[in-house]
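Just below is one structure, and these are the notes that go with it.
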Amino acid sequence: MRVNPVTNPLATVRNLGILAHVDAGKTTVTERILYATGTTHKRGEVHDGTTVTDFDSQERDRGITIFAAAVSCTWAGHRINLIDTPGHVDFADEVERSLRVLDGAVAVFDAVAGVEPQSESVWRQADRHGVPRIAFVNKMDRAGAELDAAVASIRERLHPAPLPVQLPIGAEDGFTGVVDLLHMQALTWDDDGMAADPAPVPEALREEAARRRRLLEEAVAELHPGALEEFCDTGSLGTGTLAAALRDLTRSGDGVVVLCGSAYRNRGIEPLLDAVLAYLPSPLDVPPVRGTGDDREDGEQERPADPAAPLAALAFKVSATPTGRLTYLRLYSGTIEKGDTVWDATARRVERIGRILRVRADRHAQVDRAVAGDIVAVVGLKSARAGSTLCAPDAPLLLEPPGVPEPVVSVA
Ligand code: GDP
């Protein structure tokens, strides 16, 4: 059965990961996303150990993001399930597992350092999993921050065509906003990180913004046949064509949309969220998940992202919390409800679904059911481990195990 992408609520879900080199600002970006979406009301700071995703004390102690926590938030009528992925190279397995359950990612770079070795290795892992990405050049407020240099390092070291869709307004300490090159408007933030209404592009930046819009159109036309056609016919690209082409290029991996900001100063987060909705795929836009029958003799099967199809879910993280043993699940197809009996195809035993929780930062909201495409935590599973497949007892399926990471060779 074909699922209608227009009416299906799954079209408004984004399973998103934030990928970064340690220290590029992944935790701060995550924190600011939760703040901007109203998920948290107090701004946590990394240095005092109060950030919401880093709620595990071991993690606080180490000051690096070790455990993947999935947090749900809403933006412009969409649900964003934010899956935290460890940036530290020692946790490659965990990165691998979280990449498996994402549909798209934001790669965060430091505006001074550009692409760093770990950003490169995580980028390659995401390539292997075919995870579409957009880039966020963070720390634009730092001395020595330079968007163009960071963009050049993306081109040289990661190889997709970088497609900057913003022009910074001000530099370093004076970085106050961006020109949105798609809509040709200025987006600025005050000292408290409050967004002003979109405004006309300042006179002094008009020529440079027009030049960069032209460069963006040319780069897109070169990569996208549909856009090239319009470009040849009219000599330019309309904003609608440009946006659609950027979405296609993001999903094919041929280009990477680049945005910038300063997470610390709360600048650039709202446009980043808009870009996540505009360019990154929903669970309906990604290929159906594949697996084999329980006894591995039934051949390969596909399961669509359809709540009415038999259940296929992957456990990608288990954590002991005061609420109990939480198993984070990515549902690929089917539906789960509290009390359901499911088959753990990995441990080959029956499991019962306990409470289903949507994790909202540091609290859990209980929900009655979860459907294909969603990410939730379930209480009460006994056998499931990270990597286990849960499926319908009468339609057994073993999902393909996550790929074994190849050794990463730096091209630096
Ligand atoms: P992670 O290791 O990638 O999770 O990075 P963190 O979010 O922990 O940030 C690393 C350090 O960079 C912290 O001290 C942050 O306060 C700082 N930081 C994060 N974002 C910015 C930013 O936009 N500008 C500046 N100047 N510092 C930032």
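By convention in this document, the chains of the structure tokens carry letters A, B, ... by their order, each chain's residues are numbered from 1, and ligands are numbered from 1 in the order they are shown.
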Please list as a VMD selection string every residue within 12 Å of Arg267 in chain A, counting only C-alpha atoms and excluding residues in the same chain fewer than 6 positions away. chain A and resid 28 to 29 32 to 33 36 136 to 141 168 to 169 174 to 178 187 to 196 259 to 261 273
Determine, for each residue of range 95-115 of chain A having at least one atom at most 6 Å from an atom of range 13-20 of chain A, the closest pair of atoms and their separation in Å to one decimal, counting only C-alpha atoms; order by chain and ascending number, as CSV.
```
residue,atom,partner,partner_atom,distance
A:Leu102,CA,A:Asn15,CA,5.2
A:Asp103,CA,A:Asn15,CA,5.3
A:Gly104,CA,A:Leu16,CA,5.2
A:Ala105,CA,A:Gly17,CA,4.5
A:Val106,CA,A:Ile18,CA,4.9
A:Ala107,CA,A:Leu19,CA,4.6
A:Val108,CA,A:Ala20,CA,5.0
```
File of the preceding selection, N, CA, C and O atoms, as a short mmCIF file (atom, residue, chain, number, x, y, z; two decimals), in the first residue's frame:
```cif
data_model
loop_
_atom_site.label_atom_id
_atom_site.label_comp_id
_atom_site.auth_asym_id
_atom_site.auth_seq_id
_atom_site.Cartn_x
_atom_site.Cartn_y
_atom_site.Cartn_z
N LEU A 102 18.62 7.57 12.25
CA LEU A 102 18.35 8.95 11.81
C LEU A 102 17.84 8.98 10.38
O LEU A 102 18.21 8.13 9.59
N ASP A 103 17.07 10.00 10.06
CA ASP A 103 16.74 10.22 8.65
C ASP A 103 17.54 11.39 8.09
O ASP A 103 17.59 11.58 6.87
N GLY A 104 18.11 12.21 8.96
CA GLY A 104 18.87 13.37 8.50
C GLY A 104 19.68 13.92 9.65
O GLY A 104 19.45 13.58 10.80
N ALA A 105 20.66 14.75 9.33
CA ALA A 105 21.54 15.26 10.39
C ALA A 105 21.99 16.69 10.11
O ALA A 105 22.02 17.13 8.96
N VAL A 106 22.34 17.37 11.20
CA VAL A 106 23.01 18.66 11.10
C VAL A 106 24.46 18.41 11.50
O VAL A 106 24.72 17.88 12.58
N ALA A 107 25.39 18.74 10.62
CA ALA A 107 26.81 18.62 10.96
C ALA A 107 27.27 19.99 11.45
O ALA A 107 27.11 20.99 10.74
N VAL A 108 27.77 20.03 12.67
CA VAL A 108 28.20 21.30 13.27
C VAL A 108 29.70 21.46 13.13
O VAL A 108 30.46 20.53 13.44
#
```
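Excluding Ser333 in chain A itself and any same-chain residue fewer than 4 positions from it, the protein and nucleic acid residues within 8 Å of it, counting only C-alpha atoms, are Arg303, Pro304, Ala305, Asp306, Pro307, Ala308, Ala309, Pro310, Leu311, Ala312, Ala313, Val371, Ala372 and Gly373 of chain A.
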Ligand 1 neighbours within 6 Å using only C-alpha atoms and all ligand atoms, as a list in words: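 Protein and nucleic-acid residues within 6 Å of ligand 1: Ala20, His21, Val22, Asp23, Ala24, Gly25, Lys26, Thr27, Thr28, Val46, Ile64, Asn138, Lys139, Asp141, Arg142, Ser262, Ala263, Tyr264 and Arg265 of chain A.
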Selection: 8 Å around Ser98 in chain A, only C-alpha atoms, excl. self and same-chain fewer than 6 positions, as a compact mmCIF listing (two decimals) with all heavy atoms, in the first residue's frame:
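And here's part08.txt as it stands now:
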```txt
# COMPACT_ATOMS: atom_id res chain seq x y z
N GLY A 17 19.81 13.97 13.81
CA GLY A 17 21.01 13.85 14.64
C GLY A 17 21.86 15.09 14.49
O GLY A 17 21.79 15.80 13.49
N ALA A 68 23.77 8.51 23.72
CA ALA A 68 22.77 9.05 22.82
C ALA A 68 21.44 9.14 23.55
O ALA A 68 20.91 8.14 24.00
CB ALA A 68 22.64 8.15 21.59
N ILE A 83 18.22 13.03 18.10
CA ILE A 83 18.98 11.90 18.61
C ILE A 83 20.42 12.35 18.81
O ILE A 83 21.09 12.74 17.85
CB ILE A 83 18.92 10.70 17.64
CG1 ILE A 83 17.47 10.27 17.48
CG2 ILE A 83 19.75 9.53 18.14
CD1 ILE A 83 16.96 10.37 16.11
N ASP A 84 20.85 12.33 20.04
CA ASP A 84 22.20 12.82 20.32
C ASP A 84 23.20 11.74 19.92
O ASP A 84 23.05 10.58 20.27
CB ASP A 84 22.32 13.13 21.81
CG ASP A 84 23.50 14.03 22.08
OD1 ASP A 84 24.06 14.58 21.13
OD2 ASP A 84 23.86 14.16 23.27
N THR A 85 24.21 12.15 19.17
CA THR A 85 25.21 11.18 18.72
C THR A 85 26.56 11.57 19.31
O THR A 85 26.92 12.73 19.28
CB THR A 85 25.34 11.21 17.19
OG1 THR A 85 25.58 12.55 16.81
CG2 THR A 85 24.10 10.70 16.51
N PHE A 316 17.88 0.95 19.82
CA PHE A 316 19.21 1.50 19.53
C PHE A 316 19.93 2.00 20.76
O PHE A 316 21.09 2.40 20.70
CB PHE A 316 19.14 2.59 18.45
CG PHE A 316 18.36 3.82 18.83
CD1 PHE A 316 19.02 4.93 19.32
CD2 PHE A 316 17.00 3.85 18.67
CE1 PHE A 316 18.31 6.07 19.66
CE2 PHE A 316 16.27 4.99 19.01
CZ PHE A 316 16.93 6.10 19.51
```
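Between CA of Val179 in chain A and CA of Pro198 in chain A there is a distance of 9.4 Å.
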Pick out the residues sitting within 9 Å of Arg358 in chain A, and hand them over as an MDAnalysis selection string; count only C-alpha atoms, and ignore anything fewer than 5 positions along from it in its own chain. chainID A and resid 70:72 363:367 375:378
I want to know what sits within 12 Å of Leu381 in chain A, based on only C-alpha atoms, with residues of the same chain fewer than 3 positions away left out; could you give that as a PyMOL selection string? chain A and resi 315+318-320+324-329+338-344+347+349-356+377-378+384-386+388+390
DSSP-assigned strand (DSSP E) members of range 273-341 of chain A, reported as a ChimeraX atom specification: /A:289-292,300-303,312-321,324-333,335-337,341
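Here CA of Phe231 in chain A stands at a distance of 19.1 Å from CA of Pro162 in chain A.
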Nearest to Cys73 in chain A among A:Thr12, A:Gln301, A:Gln118, A:Thr346, with distances taken over only C-alpha atoms: which residue is it?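 Ranked by minimum distance to Cys73 in chain A, first place goes to A:Thr12.
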So which one's closest to Arg251 in chain A, A:Leu223, A:Leu284, A:Leu181, A:Val131? Using only C-alpha atoms, please.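 Going through A:Leu223, A:Leu284, A:Leu181, A:Val131 one by one, the smallest distance to Arg251 in chain A is for A:Val131.
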Just give me the gap between CA of Ser121 in chain A and CA of Ala149 in chain A in Å, one decimal is fine. 19.7 Å
Once DSSP has gone over the backbone, tell me which residues of range 162-270 of chain A are in alpha helix (DSSP H), as a PyMOL selection string. chain A and resi 203-223+225-234+239-252+269-270
Restricting the calculation to only C-alpha atoms: of A:Val257, A:Arg360, A:Ala145, A:Gln185, which residue gets closest to Pro164 in chain A?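 For Pro164 in chain A, the nearest of the given residues is A:Val257.
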Would you mind telling me which residue in A:Pro202, A:Gly291, A:Gly170, A:Pro281 lies nearest to Ser252 in chain A when using only C-alpha atoms?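 Result for the nearest residue to Ser252 in chain A: A:Pro281.
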